[in-house]
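Structure first, commentary second.
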Amino acid sequence: MQALEKPISFDEFIAWYPENTGIRYELHNGVIVEMPKPRGRHSRVSGDLAFDLGSAIRQAKLPYFIPKECIVKVLDQSGYEPDIIVLDEIEIADEPRWERESVIERAASIRLIVEVVSTNWRDDYLTKLAGYEAFGIPEYWIVDYAALGGKRFIGDPKTPTLSIYTLDESGEYQFKQFRGNDLIESPTFPNLRLTAGEVLDR
């Protein structure tokens, strides 16, 4: 985590972000945070799930796509780079910074965000959950394949869990959890035929 004298804005973060770096950074409440690079099983779980969702998009001929990378401006002093993000091809036309900076500023452009849990699991279950809810992301998945999250989030004993949060009419997240042979229920992909185990056990 980079020590700063004062919090910086999202625009300052984007201007600072080094080009052609293999390191990922996010902005958390005005503080630049170096994010762990997905490796090993984390990388495989993310890649395989992105393939599954991409296949579902093509099969259903949905106007969505999955970019390799982008940064979501959640608040003026927070910006996250999700492991997987599903964007709306129609809404993306109204994103002023998409073509130049791969920045998303409108919740309407986003259909689904997926975070695959790492050792910094509190970010996914607390910080990002609250930020995505406040921003209005309609569907948010937390893929905890190694059961790293706290017991209050995934139960005791801790078991690999896929949590799906969806916004209700009041703008608050409601969630369901899926394990083992449970068939995943996704509002964005109602025809998805995928079990939790097929995502978590790779």
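Every chain in the structure tokens has a letter given in the order shown (A, B, ...), and although residue numbers restart at 1 in each chain, ligands are simply numbered from 1 in the order shown.
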Please tabulate, as a tab-separated table, the residues of stretch 99-161 of chain A that come within 10 Å of stretch 180-191 of chain A, each with its closest pair of atoms and the distance in Å to one decimal, counting only C-alpha atoms and ordering rows by chain, then residue number upward.
```
residue	atom	partner	partner_atom	distance
A:Arg111	CA	A:Thr188	CA	6.7
A:Leu112	CA	A:Thr188	CA	7.1
A:Pro138	CA	A:Thr188	CA	8.7
A:Glu139	CA	A:Thr188	CA	7.4
A:Tyr140	CA	A:Ser186	CA	9.8
A:Trp141	CA	A:Ser186	CA	9.4
A:Thr159	CA	A:Gly180	CA	9.5
A:Pro160	CA	A:Gly180	CA	8.2
A:Thr161	CA	A:Gly180	CA	8.3
```
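Every protein or nucleic acid residue with an atom no more than 8 Å from A:His42, counting only C-alpha atoms and leaving out same-chain residues fewer than 3 positions away, appears here: Pro38, Arg39, Val45, Ser46, Val116, Val117 and Ser118 of chain A.
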Quick one: write out the picked residues with C-alpha atoms as a PDB file, in the first residue's frame?
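Saved as part16.pdb:
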```pdb
ATOM      1  CA  PRO A  38      -3.863 -13.734 -10.010  1.00  0.00           C
ATOM      2  CA  ARG A  39      -1.733 -16.859 -10.030  1.00  0.00           C
ATOM      3  CA  VAL A  45     -10.858 -20.206 -11.810  1.00  0.00           C
ATOM      4  CA  SER A  46     -11.129 -16.667 -13.209  1.00  0.00           C
ATOM      5  CA  VAL A 116     -12.395 -14.340  -7.049  1.00  0.00           C
ATOM      6  CA  VAL A 117     -11.313 -14.333  -3.422  1.00  0.00           C
ATOM      7  CA  SER A 118      -7.635 -14.004  -2.490  1.00  0.00           C
TER       8      SER A 118
END
```
Stretch 48-50 of chain A surroundings by only C-alpha atoms, 8 Å radius, close-in-sequence under 3 positions cut, as a PDB file with C-alpha atoms, in the first residue's frame:
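So out_37.pdb came out as:
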```
ATOM      1  CA  ARG A  44      -7.564 -20.721 -13.671  1.00  0.00           C
ATOM      2  CA  VAL A  45     -10.858 -20.206 -11.810  1.00  0.00           C
ATOM      3  CA  LEU A  53     -19.902 -16.684 -19.140  1.00  0.00           C
ATOM      4  CA  GLY A  54     -18.622 -15.723 -22.586  1.00  0.00           C
ATOM      5  CA  ILE A  66     -16.257  -9.378 -21.255  1.00  0.00           C
ATOM      6  CA  ILE A  84     -14.405 -10.507 -14.410  1.00  0.00           C
ATOM      7  CA  VAL A 199     -16.820 -23.181 -10.760  1.00  0.00           C
TER       8      VAL A 199
END
```
Practice item. Identify all residues of stretch 66-144 of chain A in helix (DSSP H, G or I) (DSSP on the backbone) and supply them as a PyMOL selection string. Key: chain A and resi 91-94+98-101+107-109+121-135
Point to revise | Nearest residue to A:Gly136 from the set A:Val74, A:Glu91, A:Thr195, A:Pro82 (distances using only C-alpha atoms) | key: A:Val74
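Between atom CA of A:His28 and atom CA of A:Tyr80 the separation is 7.9 Å.
Here atom CA of A:Val31 and atom CA of A:Glu133 stand 20.2 Å from one another.
Picture a line from atom CA of A:Gln77 to atom CA of A:Glu105; it runs 12.5 Å.
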Point to revise | Polymer residues at most 10 Å from A:Ile142, only C-alpha atoms, same-chain spacing of 5 or more positions, as a ChimeraX atom specification | key: /A:113-117,121,124-125,129,149,161-165,177
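Shortest atom-to-atom contact with A:Glu101 among A:Glu198, A:Asp11, A:Glu34, A:Asp156: A:Asp11, counting only C-alpha atoms.
All residues of protein, DNA or RNA that reach within 12 Å of A:Ile14, judged by only C-alpha atoms and not counting those fewer than 2 positions away in the chain, are Ile8, Ser9, Phe10, Asp11, Glu12, Trp16, Tyr17, Pro18, Glu19, Tyr25, Glu26, Leu27, Gly30, Ile32, Cys70, Ile71, Val72, Lys73, Asp76, Gln77, Ser78, Gly79, Tyr80, Arg97, Arg100, Glu101, Ser102, Val103 and Ile104 of chain A.
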